[in-house]
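S.K.: Sharing a structure below in structure tokens format, with a few things to ask.
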Amino acid sequence: MINTEPEIIRQIEEERPRVPVGLLSRHQKDRIIERGMVGLYRWYVARSQAHRNWNPDRDFDWRLFRKDHSPEMVQILKGFFAVEQFVPDYVTDLLRVIRKSHGRSHFHIRWGAEEERHADLWYNAMLFSGQMSPDALRDYMEELRSSQWTLPWQDPMYMTFYTVFQERATQVNYLNTAVIARGKSDKPQFANDADPVLARAAQTIAIDEAAHYNFFLEGARIYLYYYPAQAIQAMVDVIRHFAMPGSQVNIPDYAKFEETVYKAAIYGPREHSRDVVQHALDALGFDNRRALEAGIKRVRQVPDEEGNWQESQIFEGIDFPSITDAVQRIFGRIKNYEEETGHADIDPTLFQPNYAAL
Ligand SMILES: [Fe+2]
Ligand SMILES: [Fe+2]
């Protein structure tokens, strides 16, 4: 039987590789990503100032902090204190890489200010725990700061994904510590660690970490939408090689700290894969790690008629409609904010679709 012309066209269409039609040049994508980051940063700062403007000295009744915490809890507080001591490195190293980006660099400085108060909060917790003299604490700080943290990845997109997992992991650590401090742990070693001041401290700091996690998730969604192939590759690499910042620097007794938080059910491999990696994958529209890694295999880069590289077959490994919706919601939130402040009248940040059709 001879095929009719429409039939032939249909067959050709069916066999054509699924190449989404890209609408934006690299330059245009980078510009819209930057606009999105600036808009998110502005929204974030206003919200942070309105809802999370706490002070590590004044907002906690440190005199009531318990002086008889278990050795395990003291070990944990000391570990948290140590990890947050590297805040100058967390800020400066990445800031050098992203300094040209208004949105990312200004956000990063703000983020650093919030991390700085975490360092001071744990400093107060250690001081008022009565387990180290003020001089010993200062000596310990000096010892810590002789080591230096360096970036695990030099690429700003990679660092966005790294920070997604790191912030969530930190939040999980503090949330689970708050459970112990509320007297709700079923581990016998923490039977006598209920402490309302510590519970409030861990909870307050966990809320900051949740806000950080959410900001970086939004950044990750923007990258996934505009640069899906590169973003998926970055996420796979980051998950594969992930290590918490504390393990990258010289913290005395870090192995003991890791063992203590593991035995406390605060943070270990189980929490990492279930409450951190899977949580972030769910939030970004991936079923699981395998789906993510399968997504990477399907991604092929093919040139379009103008020689620009486009991703093919990308939509099978990723819930792209939900990423698209999420990115539109981000820009919707920015729009609302800019309408309130008046920026929308003269310089509105507008969503720009990356593809002609899905
Ligand atoms: Fe922190
Ligand atoms: Fe954080």
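To be explicit about the labels: the chains of the structure tokens are called A, B, and onward in the order shown, and within each one the residues are counted from 1, while ligands get numbers from 1 in the order they are shown.
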Per DSSP on the backbone, filter stretch 24-210 of chain A down to the residues in alpha helix (DSSP H) and report them as a VMD selection string.

M.R.: chain A and resid 26 to 51 71 to 84 87 to 98 102 to 129 134 to 145 156 to 181 196 to 210

S.K.: Quick one: residues within 12 Å of ligand 1, with only C-alpha atoms and all ligand atoms, as a PyMOL selection string?

M.R.: chain A and resi 80-87+90-91+111-122+163+166-174+201-213+245-246

S.K.: Looking only at strand (DSSP E) from DSSP on the backbone, list the matching residues of stretch 171-329 of chain A as a list in words.

M.R.: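 Matching residues for strand (DSSP E) in stretch 171-329 of chain A are Arg300, Gln301, Val302, Pro303, Trp309, Gln310, Glu311 and Ser312 of chain A.
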
S.K.: Mind dumping the selected residues with C-alpha atoms as a compact mmCIF listing (two decimals), in the first residue's frame?

M.R.:
# COMPACT_ATOMS: atom_id res chain seq x y z
CA ARG A 300 21.42 14.62 24.40
CA GLN A 301 22.76 17.87 23.15
CA VAL A 302 21.83 18.56 19.55
CA PRO A 303 22.51 21.67 17.51
CA TRP A 309 23.14 23.53 21.40
CA GLN A 310 19.74 22.36 22.59
CA GLU A 311 18.80 19.52 24.91
CA SER A 312 16.82 16.68 23.44

S.K.: Find the residue from A:Arg110, A:His279, A:Lys256, A:Arg31 that sits nearest to A:Ala46; use only C-alpha atoms when measuring.

M.R.: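 Closest residue, counting only C-alpha atoms: A:Arg110.
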
S.K.: Given the choices A:Arg270, A:Lys78, A:His241, A:His108, which gets closest to ligand 2 if the distance is worked out from only C-alpha atoms and all ligand atoms?

M.R.: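 Using only C-alpha atoms and all ligand atoms, ligand 2 sits closest to A:His108.
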
S.K.: When you count only C-alpha atoms, which of these residues is closest to A:Trp149: A:Met244, A:Asp135, A:Arg104, A:Ile323?

M.R.: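 Ranking A:Met244, A:Asp135, A:Arg104, A:Ile323 by distance to A:Trp149, first place goes to A:Met244.
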
S.K.: I'd like the contact shell of A:Arg240 - 12 Å cut-off, only C-alpha atoms, skipping same-chain residues fewer than 5 positions apart - returned as number ranges by chain.

M.R.: A: 161-162, 165, 233-235, 273, 277, 289-290, 292-293

S.K.: Quick check, in Å to one decimal: how far apart do atom CA of A:Arg329 and atom CA of A:Phe286 lie?

M.R.: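 Distance reported for this atom pair: 18.5 Å.
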
S.K.: If we count only C-alpha atoms and set the cut-off at 12 Å, which residues sit around A:Met159, ignoring sequence neighbours fewer than 4 positions away in its own chain? Please answer as an NGL selection string.

M.R.: :A and (90 or 93-95 or 97-98 or 104 or 108 or 150-155 or 163-167 or 216-217 or 219-220 or 223 or 231 or 234-235 or 237-239 or 242)

S.K.: Convert the current residue selection to file output with N, CA and C atoms, as a PDB file, in the first residue's frame.

M.R.:
ATOM      1  N   TYR A  90      32.813  30.450  54.439  1.00  0.00           N
ATOM      2  CA  TYR A  90      31.592  30.155  53.671  1.00  0.00           C
ATOM      3  C   TYR A  90      31.192  31.375  52.835  1.00  0.00           C
ATOM      4  N   ASP A  93      34.714  32.728  50.085  1.00  0.00           N
ATOM      5  CA  ASP A  93      35.142  31.884  48.969  1.00  0.00           C
ATOM      6  C   ASP A  93      34.155  31.947  47.803  1.00  0.00           C
ATOM      7  N   LEU A  94      32.873  31.793  48.104  1.00  0.00           N
ATOM      8  CA  LEU A  94      31.888  31.810  47.019  1.00  0.00           C
ATOM      9  C   LEU A  94      31.650  33.227  46.503  1.00  0.00           C
ATOM     10  N   LEU A  95      31.774  34.188  47.407  1.00  0.00           N
ATOM     11  CA  LEU A  95      31.527  35.576  47.004  1.00  0.00           C
ATOM     12  C   LEU A  95      32.457  36.006  45.865  1.00  0.00           C
ATOM     13  N   VAL A  97      33.497  34.140  43.543  1.00  0.00           N
ATOM     14  CA  VAL A  97      33.054  33.502  42.296  1.00  0.00           C
ATOM     15  C   VAL A  97      31.800  34.190  41.734  1.00  0.00           C
ATOM     16  N   ILE A  98      30.930  34.684  42.637  1.00  0.00           N
ATOM     17  CA  ILE A  98      29.639  35.206  42.161  1.00  0.00           C
ATOM     18  C   ILE A  98      29.536  36.728  42.258  1.00  0.00           C
ATOM     19  N   ARG A 104      22.901  37.147  43.243  1.00  0.00           N
ATOM     20  CA  ARG A 104      23.559  36.087  44.013  1.00  0.00           C
ATOM     21  C   ARG A 104      24.525  36.645  45.045  1.00  0.00           C
ATOM     22  N   HIS A 108      24.034  36.414  48.993  1.00  0.00           N
ATOM     23  CA  HIS A 108      25.059  35.655  49.718  1.00  0.00           C
ATOM     24  C   HIS A 108      25.550  36.403  50.953  1.00  0.00           C
ATOM     25  N   THR A 150      37.331  25.493  52.019  1.00  0.00           N
ATOM     26  CA  THR A 150      37.364  25.971  50.629  1.00  0.00           C
ATOM     27  C   THR A 150      36.181  25.367  49.876  1.00  0.00           C
ATOM     28  N   LEU A 151      35.814  26.003  48.786  1.00  0.00           N
ATOM     29  CA  LEU A 151      34.630  25.588  48.029  1.00  0.00           C
ATOM     30  C   LEU A 151      34.732  24.148  47.527  1.00  0.00           C
ATOM     31  N   PRO A 152      33.678  23.361  47.705  1.00  0.00           N
ATOM     32  CA  PRO A 152      33.706  22.027  47.106  1.00  0.00           C
ATOM     33  C   PRO A 152      33.546  22.079  45.584  1.00  0.00           C
ATOM     34  N   TRP A 153      32.909  23.130  45.077  1.00  0.00           N
ATOM     35  CA  TRP A 153      32.721  23.301  43.631  1.00  0.00           C
ATOM     36  C   TRP A 153      32.977  24.766  43.292  1.00  0.00           C
ATOM     37  N   GLN A 154      33.606  25.004  42.160  1.00  0.00           N
ATOM     38  CA  GLN A 154      33.908  26.386  41.767  1.00  0.00           C
ATOM     39  C   GLN A 154      32.798  27.011  40.929  1.00  0.00           C
ATOM     40  N   ASP A 155      31.845  26.207  40.494  1.00  0.00           N
ATOM     41  CA  ASP A 155      30.827  26.687  39.565  1.00  0.00           C
ATOM     42  C   ASP A 155      29.585  27.168  40.339  1.00  0.00           C
ATOM     43  N   THR A 163      24.396  23.705  48.006  1.00  0.00           N
ATOM     44  CA  THR A 163      23.820  24.396  49.164  1.00  0.00           C
ATOM     45  C   THR A 163      22.399  23.920  49.449  1.00  0.00           C
ATOM     46  N   VAL A 164      21.663  23.518  48.396  1.00  0.00           N
ATOM     47  CA  VAL A 164      20.335  22.921  48.617  1.00  0.00           C
ATOM     48  C   VAL A 164      20.458  21.779  49.627  1.00  0.00           C
ATOM     49  N   PHE A 165      21.369  20.851  49.373  1.00  0.00           N
ATOM     50  CA  PHE A 165      21.498  19.670  50.234  1.00  0.00           C
ATOM     51  C   PHE A 165      22.115  20.025  51.593  1.00  0.00           C
ATOM     52  N   GLN A 166      23.100  20.910  51.565  1.00  0.00           N
ATOM     53  CA  GLN A 166      23.774  21.293  52.816  1.00  0.00           C
ATOM     54  C   GLN A 166      22.803  22.012  53.755  1.00  0.00           C
ATOM     55  N   GLU A 167      21.992  22.925  53.207  1.00  0.00           N
ATOM     56  CA  GLU A 167      21.054  23.665  54.069  1.00  0.00           C
ATOM     57  C   GLU A 167      19.989  22.733  54.640  1.00  0.00           C
ATOM     58  N   PHE A 216      17.533  28.398  48.044  1.00  0.00           N
ATOM     59  CA  PHE A 216      18.395  27.665  47.101  1.00  0.00           C
ATOM     60  C   PHE A 216      17.592  26.701  46.236  1.00  0.00           C
ATOM     61  N   LEU A 217      16.493  26.166  46.796  1.00  0.00           N
ATOM     62  CA  LEU A 217      15.614  25.335  45.963  1.00  0.00           C
ATOM     63  C   LEU A 217      15.039  26.149  44.808  1.00  0.00           C
ATOM     64  N   GLY A 219      16.370  28.755  43.425  1.00  0.00           N
ATOM     65  CA  GLY A 219      17.477  28.961  42.481  1.00  0.00           C
ATOM     66  C   GLY A 219      17.680  27.718  41.627  1.00  0.00           C
ATOM     67  N   ALA A 220      17.635  26.551  42.283  1.00  0.00           N
ATOM     68  CA  ALA A 220      17.817  25.282  41.562  1.00  0.00           C
ATOM     69  C   ALA A 220      16.720  25.098  40.513  1.00  0.00           C
ATOM     70  N   TYR A 223      17.468  27.218  37.479  1.00  0.00           N
ATOM     71  CA  TYR A 223      18.504  26.587  36.643  1.00  0.00           C
ATOM     72  C   TYR A 223      17.942  25.377  35.900  1.00  0.00           C
ATOM     73  N   ALA A 231      21.945  21.471  34.651  1.00  0.00           N
ATOM     74  CA  ALA A 231      21.489  21.462  36.050  1.00  0.00           C
ATOM     75  C   ALA A 231      21.350  20.030  36.563  1.00  0.00           C
ATOM     76  N   ALA A 234      24.756  18.732  37.230  1.00  0.00           N
ATOM     77  CA  ALA A 234      25.288  19.326  38.468  1.00  0.00           C
ATOM     78  C   ALA A 234      24.697  18.618  39.690  1.00  0.00           C
ATOM     79  N   MET A 235      23.402  18.370  39.642  1.00  0.00           N
ATOM     80  CA  MET A 235      22.752  17.752  40.805  1.00  0.00           C
ATOM     81  C   MET A 235      23.269  16.330  41.028  1.00  0.00           C
ATOM     82  N   ASP A 237      26.189  15.099  40.148  1.00  0.00           N
ATOM     83  CA  ASP A 237      27.574  15.167  40.644  1.00  0.00           C
ATOM     84  C   ASP A 237      27.608  15.563  42.113  1.00  0.00           C
ATOM     85  N   VAL A 238      26.783  16.551  42.462  1.00  0.00           N
ATOM     86  CA  VAL A 238      26.782  17.034  43.845  1.00  0.00           C
ATOM     87  C   VAL A 238      26.311  15.928  44.796  1.00  0.00           C
ATOM     88  N   ILE A 239      25.263  15.209  44.422  1.00  0.00           N
ATOM     89  CA  ILE A 239      24.763  14.131  45.290  1.00  0.00           C
ATOM     90  C   ILE A 239      25.837  13.058  45.440  1.00  0.00           C
ATOM     91  N   PHE A 242      28.751  14.338  47.715  1.00  0.00           N
ATOM     92  CA  PHE A 242      28.384  15.231  48.810  1.00  0.00           C
ATOM     93  C   PHE A 242      29.093  14.904  50.130  1.00  0.00           C
TER      94      PHE A 242
END
